[in-house]
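> Got a file for you: structure29.txt, compact mmCIF, C-alpha atoms.
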```txt
# COMPACT_ATOMS: atom_id res chain seq x y z
CA MET S 1 -52.16 -58.42 -63.61
CA LEU S 2 -51.99 -56.71 -67.00
CA GLU S 3 -54.71 -55.10 -69.09
CA VAL S 4 -54.03 -53.51 -72.46
CA MET S 5 -56.86 -51.35 -73.76
CA ASN S 6 -57.34 -50.07 -77.31
CA LEU S 7 -53.68 -49.53 -78.20
CA HIS S 8 -52.71 -47.69 -81.37
CA THR S 9 -48.96 -47.66 -82.01
CA TYR S 10 -47.01 -46.04 -84.83
CA TYR S 11 -43.45 -46.27 -86.15
CA GLY S 12 -43.04 -42.83 -87.64
CA LEU S 13 -46.01 -42.39 -89.96
CA SER S 14 -46.68 -46.14 -90.18
CA HIS S 15 -49.71 -47.27 -88.17
CA ILE S 16 -48.73 -50.70 -86.73
CA LEU S 17 -51.23 -51.60 -83.99
CA PHE S 18 -54.95 -50.94 -84.39
CA ASP S 19 -57.13 -50.90 -81.26
CA VAL S 20 -55.26 -53.81 -79.62
CA SER S 21 -56.73 -55.02 -76.32
CA LEU S 22 -55.71 -58.02 -74.22
CA LYS S 23 -55.67 -59.19 -70.63
CA VAL S 24 -53.29 -61.38 -68.63
CA ASP S 25 -54.42 -62.80 -65.29
CA GLN S 26 -51.95 -63.39 -62.49
CA GLY S 27 -50.16 -66.74 -62.61
CA HIS S 28 -51.25 -67.47 -66.19
CA VAL S 29 -49.33 -67.93 -69.42
CA VAL S 30 -51.08 -66.03 -72.21
CA CYS S 31 -49.93 -66.32 -75.80
CA LEU S 32 -49.97 -63.83 -78.66
CA LEU S 33 -49.81 -65.75 -81.93
CA GLY S 34 -49.18 -64.37 -85.38
CA ARG S 35 -46.95 -64.44 -88.42
CA ASN S 36 -43.82 -62.31 -88.87
CA GLY S 37 -44.86 -58.67 -89.15
CA ALA S 38 -48.29 -59.24 -87.61
CA GLY S 39 -47.62 -56.92 -84.66
CA LYS S 40 -46.50 -59.29 -81.89
CA THR S 41 -43.18 -57.61 -81.17
CA THR S 42 -44.68 -54.13 -81.39
CA THR S 43 -47.33 -55.13 -78.85
CA LEU S 44 -44.66 -56.25 -76.39
CA LYS S 45 -42.56 -53.17 -77.05
CA SER S 46 -45.61 -50.97 -76.47
CA ILE S 47 -46.22 -52.62 -73.11
CA MET S 48 -42.54 -52.27 -72.16
CA GLY S 49 -42.37 -48.59 -73.10
CA LEU S 50 -39.99 -49.15 -76.04
CA ALA S 51 -42.66 -48.14 -78.58
CA PRO S 52 -45.05 -45.93 -76.61
CA PRO S 53 -48.60 -46.07 -77.96
CA ALA S 54 -50.20 -42.98 -79.46
CA LYS S 55 -53.59 -43.99 -78.02
CA GLY S 56 -54.86 -46.46 -75.47
CA LYS S 57 -54.00 -47.53 -71.93
CA ILE S 58 -51.76 -50.09 -70.25
CA ILE S 59 -52.77 -51.06 -66.71
CA PHE S 60 -50.29 -53.10 -64.65
CA LYS S 61 -51.31 -54.35 -61.20
CA GLY S 62 -54.11 -51.78 -61.14
CA GLU S 63 -51.90 -48.81 -62.07
CA ASP S 64 -51.93 -46.88 -65.32
CA VAL S 65 -48.36 -47.25 -66.62
CA THR S 66 -48.98 -46.00 -70.17
CA GLY S 67 -45.95 -44.17 -71.54
CA LEU S 68 -43.62 -44.90 -68.62
CA PRO S 69 -39.98 -45.50 -69.65
CA PRO S 70 -38.69 -49.10 -69.62
CA TYR S 71 -36.51 -48.68 -66.51
CA ARG S 72 -39.51 -47.62 -64.42
CA LEU S 73 -41.58 -50.54 -65.72
CA ALA S 74 -38.73 -52.89 -64.83
CA ARG S 75 -38.72 -51.48 -61.30
CA LYS S 76 -42.45 -52.14 -61.08
CA GLY S 77 -41.88 -55.82 -61.86
CA ILE S 78 -41.98 -56.29 -65.64
CA GLY S 79 -39.22 -58.34 -67.25
CA TYR S 80 -38.61 -58.33 -71.00
CA VAL S 81 -36.82 -60.87 -73.22
CA PRO S 82 -36.51 -59.46 -76.77
CA ASP S 83 -36.51 -61.68 -79.83
CA ASP S 84 -32.95 -60.61 -80.70
CA ARG S 85 -31.71 -61.39 -77.15
CA ARG S 86 -29.60 -58.20 -76.74
CA ILE S 87 -27.06 -59.81 -74.45
CA PHE S 88 -23.70 -58.10 -73.82
CA ALA S 89 -21.34 -60.00 -76.13
CA ASP S 90 -18.12 -58.85 -74.40
CA LEU S 91 -19.32 -59.75 -70.88
CA THR S 92 -19.21 -63.25 -69.45
CA VAL S 93 -22.35 -65.22 -68.69
CA ARG S 94 -22.01 -64.38 -65.01
CA GLU S 95 -21.41 -60.68 -65.72
CA ASN S 96 -24.50 -60.55 -67.97
CA LEU S 97 -26.55 -61.95 -65.10
CA GLU S 98 -24.90 -59.82 -62.45
CA ILE S 99 -25.57 -56.56 -64.27
CA ALA S 100 -29.32 -57.24 -64.14
CA MET S 101 -29.49 -58.35 -60.49
CA LYS S 102 -31.99 -56.58 -58.30
CA SER S 103 -34.62 -57.25 -55.68
CA THR S 104 -38.29 -56.42 -56.23
CA GLU S 105 -40.07 -55.01 -53.17
CA GLY S 106 -37.37 -56.45 -50.93
CA LYS S 107 -37.87 -60.02 -52.15
CA ARG S 108 -35.18 -62.05 -53.88
CA ILE S 109 -36.35 -65.23 -55.58
CA TRP S 110 -34.00 -65.44 -58.57
CA ASP S 111 -30.23 -65.44 -58.11
CA PHE S 112 -27.24 -67.13 -59.78
CA GLU S 113 -28.01 -70.48 -58.18
CA LYS S 114 -31.67 -70.48 -59.27
CA VAL S 115 -30.87 -69.38 -62.84
CA TYR S 116 -28.16 -72.02 -63.18
CA GLU S 117 -30.57 -74.62 -61.81
CA LEU S 118 -33.07 -73.62 -64.52
CA PHE S 119 -30.40 -73.54 -67.26
CA PRO S 120 -27.51 -75.87 -66.33
CA SER S 121 -25.70 -75.01 -69.59
CA LEU S 122 -25.18 -71.47 -68.34
CA LYS S 123 -23.40 -72.70 -65.22
CA LYS S 124 -21.04 -74.73 -67.38
CA PHE S 125 -20.20 -71.60 -69.40
CA ASP S 126 -20.18 -69.23 -66.43
CA LYS S 127 -16.91 -67.55 -67.52
CA ARG S 128 -17.52 -67.65 -71.28
CA LYS S 129 -18.25 -64.39 -73.07
CA GLY S 130 -21.84 -64.00 -74.22
CA GLY S 131 -20.83 -63.53 -77.84
CA LEU S 132 -19.26 -67.00 -77.92
CA LEU S 133 -22.44 -68.80 -76.89
CA SER S 134 -24.69 -70.62 -79.34
CA GLY S 135 -28.02 -69.07 -80.32
CA GLY S 136 -29.91 -71.31 -77.92
CA GLU S 137 -27.53 -70.55 -75.07
CA GLN S 138 -27.90 -66.83 -75.73
CA LYS S 139 -31.67 -67.18 -75.46
CA MET S 140 -31.22 -68.99 -72.13
CA LEU S 141 -28.95 -66.15 -70.98
CA ALA S 142 -31.47 -63.51 -72.08
CA ILE S 143 -34.22 -65.22 -70.07
CA GLY S 144 -31.88 -65.72 -67.10
CA ARG S 145 -30.90 -62.05 -67.19
CA ALA S 146 -34.57 -60.99 -67.13
CA LEU S 147 -35.22 -63.32 -64.18
CA MET S 148 -32.34 -61.78 -62.21
CA GLY S 149 -34.49 -58.66 -62.00
CA ASN S 150 -37.03 -60.74 -60.06
CA PRO S 151 -40.05 -59.76 -62.16
CA ASP S 152 -43.67 -60.53 -61.35
CA PHE S 153 -44.53 -60.48 -65.04
CA LEU S 154 -42.42 -61.64 -68.00
CA LEU S 155 -42.71 -60.61 -71.65
CA LEU S 156 -41.19 -63.33 -73.86
CA ASP S 157 -40.72 -62.52 -77.54
CA GLU S 158 -40.17 -65.48 -79.92
CA PRO S 159 -38.15 -67.67 -77.51
CA THR S 160 -38.03 -70.63 -79.94
CA GLU S 161 -37.10 -68.74 -83.11
CA GLY S 162 -34.23 -70.51 -84.87
CA LEU S 163 -33.96 -73.32 -82.32
CA ALA S 164 -33.56 -77.02 -83.11
CA PRO S 165 -36.56 -79.22 -82.15
CA LEU S 166 -34.79 -80.69 -79.10
CA LEU S 167 -34.06 -77.20 -77.76
CA VAL S 168 -37.68 -76.18 -78.38
CA MET S 169 -38.77 -79.05 -76.15
CA GLU S 170 -36.27 -77.96 -73.50
CA PHE S 171 -37.57 -74.40 -73.58
CA ARG S 172 -41.14 -75.68 -73.22
CA ASP S 173 -40.11 -77.52 -70.05
CA ARG S 174 -38.30 -74.45 -68.70
CA ILE S 175 -41.26 -72.14 -69.32
CA ASN S 176 -43.51 -74.68 -67.61
CA THR S 177 -41.12 -74.54 -64.66
CA LEU S 178 -41.45 -70.74 -64.57
CA LYS S 179 -45.22 -71.07 -64.65
CA GLY S 180 -44.96 -73.44 -61.68
CA THR S 181 -43.21 -70.72 -59.65
CA GLY S 182 -46.27 -68.47 -60.11
CA LEU S 183 -44.64 -66.16 -62.66
CA THR S 184 -47.10 -64.53 -65.07
CA VAL S 185 -46.04 -64.66 -68.74
CA LEU S 186 -47.12 -63.04 -72.01
CA LEU S 187 -45.57 -65.13 -74.76
CA ALA S 188 -45.37 -63.90 -78.37
CA GLU S 189 -44.68 -66.76 -80.78
CA GLN S 190 -45.16 -68.20 -84.27
CA ASN S 191 -44.74 -71.82 -83.14
CA VAL S 192 -48.40 -72.66 -82.55
CA LYS S 193 -48.10 -76.17 -81.10
CA PHE S 194 -45.31 -75.16 -78.72
CA THR S 195 -47.22 -72.11 -77.55
CA LEU S 196 -50.64 -73.67 -77.07
CA SER S 197 -49.08 -76.52 -75.05
CA LEU S 198 -47.98 -73.91 -72.47
CA SER S 199 -50.78 -71.37 -72.48
CA ASP S 200 -54.00 -70.85 -70.56
CA TYR S 201 -55.44 -68.28 -72.93
CA GLY S 202 -54.54 -66.95 -76.35
CA TYR S 203 -54.86 -64.08 -78.80
CA ILE S 204 -54.20 -64.15 -82.53
CA ILE S 205 -53.00 -60.97 -84.22
CA GLU S 206 -53.04 -60.19 -87.94
CA ASN S 207 -51.93 -56.91 -89.52
CA GLY S 208 -51.91 -55.22 -86.14
CA VAL S 209 -55.44 -56.29 -85.21
CA ILE S 210 -56.53 -58.91 -82.65
CA CYS S 211 -58.74 -61.17 -84.75
CA TYR S 212 -59.37 -64.11 -82.38
CA LYS S 213 -59.15 -64.71 -78.66
CA GLY S 214 -60.17 -67.44 -76.25
CA SER S 215 -59.01 -70.26 -74.02
CA VAL S 216 -56.62 -72.76 -75.57
CA ASP S 217 -59.46 -75.26 -76.00
CA GLU S 218 -61.66 -72.63 -77.65
CA LEU S 219 -58.92 -71.73 -80.11
CA LYS S 220 -58.28 -75.37 -80.95
CA GLU S 221 -62.00 -75.95 -81.58
CA ASN S 222 -62.42 -72.87 -83.79
CA ASP S 223 -62.36 -74.02 -87.42
CA GLU S 224 -61.11 -70.69 -88.74
CA VAL S 225 -58.27 -70.61 -86.20
CA ARG S 226 -57.35 -74.22 -86.97
CA LYS S 227 -57.17 -73.43 -90.66
CA LYS S 228 -55.13 -70.26 -90.22
CA CYS S 229 -52.71 -71.70 -87.67
CA GLY S 230 -52.50 -75.27 -88.92
CA ILE S 231 -53.54 -76.73 -85.58
```
Could you render the structure from this file as structure tokens?

Amino acid sequence: MLEVMNLHTYYGLSHILFDVSLKVDQGHVVCLLGRNGAGKTTTLKSIMGLAPPAKGKIIFKGEDVTGLPPYRLARKGIGYVPDDRRIFADLTVRENLEIAMKSTEGKRIWDFEKVYELFPSLKKFDKRKGGLLSGGEQKMLAIGRALMGNPDFLLLDEPTEGLAPLLVMEFRDRINTLKGTGLTVLLAEQNVKFTLSLSDYGYIIENGVICYKGSVDELKENDEVRKKCGI
């Protein structure tokens, strides 16, 4: 579904991504693991058109989408959940979801009912303003808002950052549920055990360079990866 080829991305004069390539097959959850500052967020932003690459190609569903603005990528079926959530603090939960509602190619899979079924807490706080939600609830709302766009492919950036262990387990179950619907996911995370428990394939990025890749079993069996990631 997605192929990223030889990306080089800059912030101003700072060279952040170096020849990054990765592939995500339809219906799979693929993880991008790395420490803070390794290049995970920049990779997702490059794919989503928020940090357009200076070199390289991004192919989505067989089409070259390199350099397209985010709104056009969203229309093509890419959903994006940023690490800082970016919900509308002065809008209610329902209004945050409503503002993102759209059908993709005439199909509607995700609506209020489906999102509230996935995240029952959001239904309970339907009329509460987004800024009054807890950090975990805001993450749920950010994911729910992305789903209201009915994407084929979801970019998830650090969904467990700052969450208590019980909420991390809940998010693991919810992402597994999304995988069960056939949604394709690229998941950028630091939490190695959480991420590998969900993923089919993984990449490890360091200093803007992909240094390891393989199936989850291959990564777990690689001594260097185990040492670096504490598996």
> At most 8 Å is the cut-off: for each residue in stretch 139-184 of chain S with any atom that close to an atom of stretch 189-195 of chain S, write down the nearest atom pair and the distance in Å rounded to one decimal, counting only C-alpha atoms, chain first then increasing number, as a Markdown table.

```
| residue | atom | partner | partner_atom | distance |
| --- | --- | --- | --- | --- |
| S:Asp157 | CA | S:Glu189 | CA | 6.6 |
| S:Glu158 | CA | S:Glu189 | CA | 4.8 |
| S:Pro159 | CA | S:Glu189 | CA | 7.4 |
| S:Thr160 | CA | S:Asn191 | CA | 7.5 |
| S:Val168 | CA | S:Phe194 | CA | 7.7 |
| S:Arg172 | CA | S:Phe194 | CA | 6.9 |
```
> Which residue out of S:Ile87, S:Ile175, S:Val24, S:Val115 has the minimum interatomic distance to S:Lys139 when all atoms listed in the file are used?
S:Ile87
> When distances are computed from only C-alpha atoms, which of S:Ser215, S:Ser197, S:Thr66, S:Thr43 shows the smallest separation from S:Asp173?
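Closest to S:Asp173 of all the choices is S:Ser197.
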> Leaving out stretch 28-39 of chain S and any residue of its chain fewer than 5 positions from it, which residues lie within 7 Å of it when counting all atoms listed in the file, given as a short mmCIF file (atom, residue, chain, number, x, y, z; two decimals) with C-alpha atoms, in the coordinates of the input?

```cif
data_model
loop_
_atom_site.label_atom_id
_atom_site.label_comp_id
_atom_site.auth_asym_id
_atom_site.auth_seq_id
_atom_site.Cartn_x
_atom_site.Cartn_y
_atom_site.Cartn_z
CA ILE S 16 -48.73 -50.70 -86.73
CA LEU S 17 -51.23 -51.60 -83.99
CA THR S 184 -47.10 -64.53 -65.07
CA VAL S 185 -46.04 -64.66 -68.74
CA LEU S 186 -47.12 -63.04 -72.01
CA LEU S 187 -45.57 -65.13 -74.76
CA ALA S 188 -45.37 -63.90 -78.37
CA GLU S 189 -44.68 -66.76 -80.78
CA GLN S 190 -45.16 -68.20 -84.27
CA THR S 195 -47.22 -72.11 -77.55
CA LEU S 198 -47.98 -73.91 -72.47
CA SER S 199 -50.78 -71.37 -72.48
CA ASP S 200 -54.00 -70.85 -70.56
CA TYR S 201 -55.44 -68.28 -72.93
CA GLY S 202 -54.54 -66.95 -76.35
CA TYR S 203 -54.86 -64.08 -78.80
CA ILE S 204 -54.20 -64.15 -82.53
CA ILE S 205 -53.00 -60.97 -84.22
CA GLU S 206 -53.04 -60.19 -87.94
CA ASN S 207 -51.93 -56.91 -89.52
CA GLY S 208 -51.91 -55.22 -86.14
#
```
> Please measure the separation of atom CA of S:Val4 and atom CA of S:Gly27, giving the value in Å to one decimal.
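Separating atom CA of S:Val4 from atom CA of S:Gly27 is a distance of 16.9 Å.
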> One decimal, Å: what's the distance from atom CA of S:Gly162 over to atom CA of S:Phe119, could you say?
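Going from atom CA of S:Gly162 over to atom CA of S:Phe119 covers 18.3 Å.
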> Find the residues near S:Leu132: any atom within 12 Å, counting all atoms listed in the file, skip ones fewer than 4 places away on the same chain, and give them as JSON, numbers by chain.
{"S": [87, 88, 89, 90, 91, 92, 93, 125, 126, 127, 128, 136, 137, 138, 141]}
> In Å, how far is it from atom CA of S:Asp111 to atom CA of S:Leu166?
26.3 Å
> For a quick check of your reading of the model, name the residues lying within 9 Å of the coordinate (-52.1, -43.3, -76.8), counting only C-alpha atoms, and write them as a CSV table (one decimal) with C-alpha atoms, in the coordinates of the input.

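The resulting file, out_34.csv, is reproduced below:
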```csv
chain,number,residue,atom,x,y,z
S,6,ASN,CA,-57.3,-50.1,-77.3
S,7,LEU,CA,-53.7,-49.5,-78.2
S,8,HIS,CA,-52.7,-47.7,-81.4
S,9,THR,CA,-49.0,-47.7,-82.0
S,52,PRO,CA,-45.0,-45.9,-76.6
S,53,PRO,CA,-48.6,-46.1,-78.0
S,54,ALA,CA,-50.2,-43.0,-79.5
S,55,LYS,CA,-53.6,-44.0,-78.0
S,56,GLY,CA,-54.9,-46.5,-75.5
S,57,LYS,CA,-54.0,-47.5,-71.9
S,66,THR,CA,-49.0,-46.0,-70.2
S,67,GLY,CA,-46.0,-44.2,-71.5
```
> I need the residue nearest S:Ser21 from this list: S:Thr181, S:Ser46, S:Asn222, S:Asn150. Use all atoms listed in the file for the distance.
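Under the stated criterion, the closest residue is S:Ser46.
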> Which of these, S:Ile58, S:Ile47, S:Arg75, S:Arg85, has the shortest distance to S:Asp152 once you count only C-alpha atoms?
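Selected residue with least distance to S:Asp152: S:Arg75.
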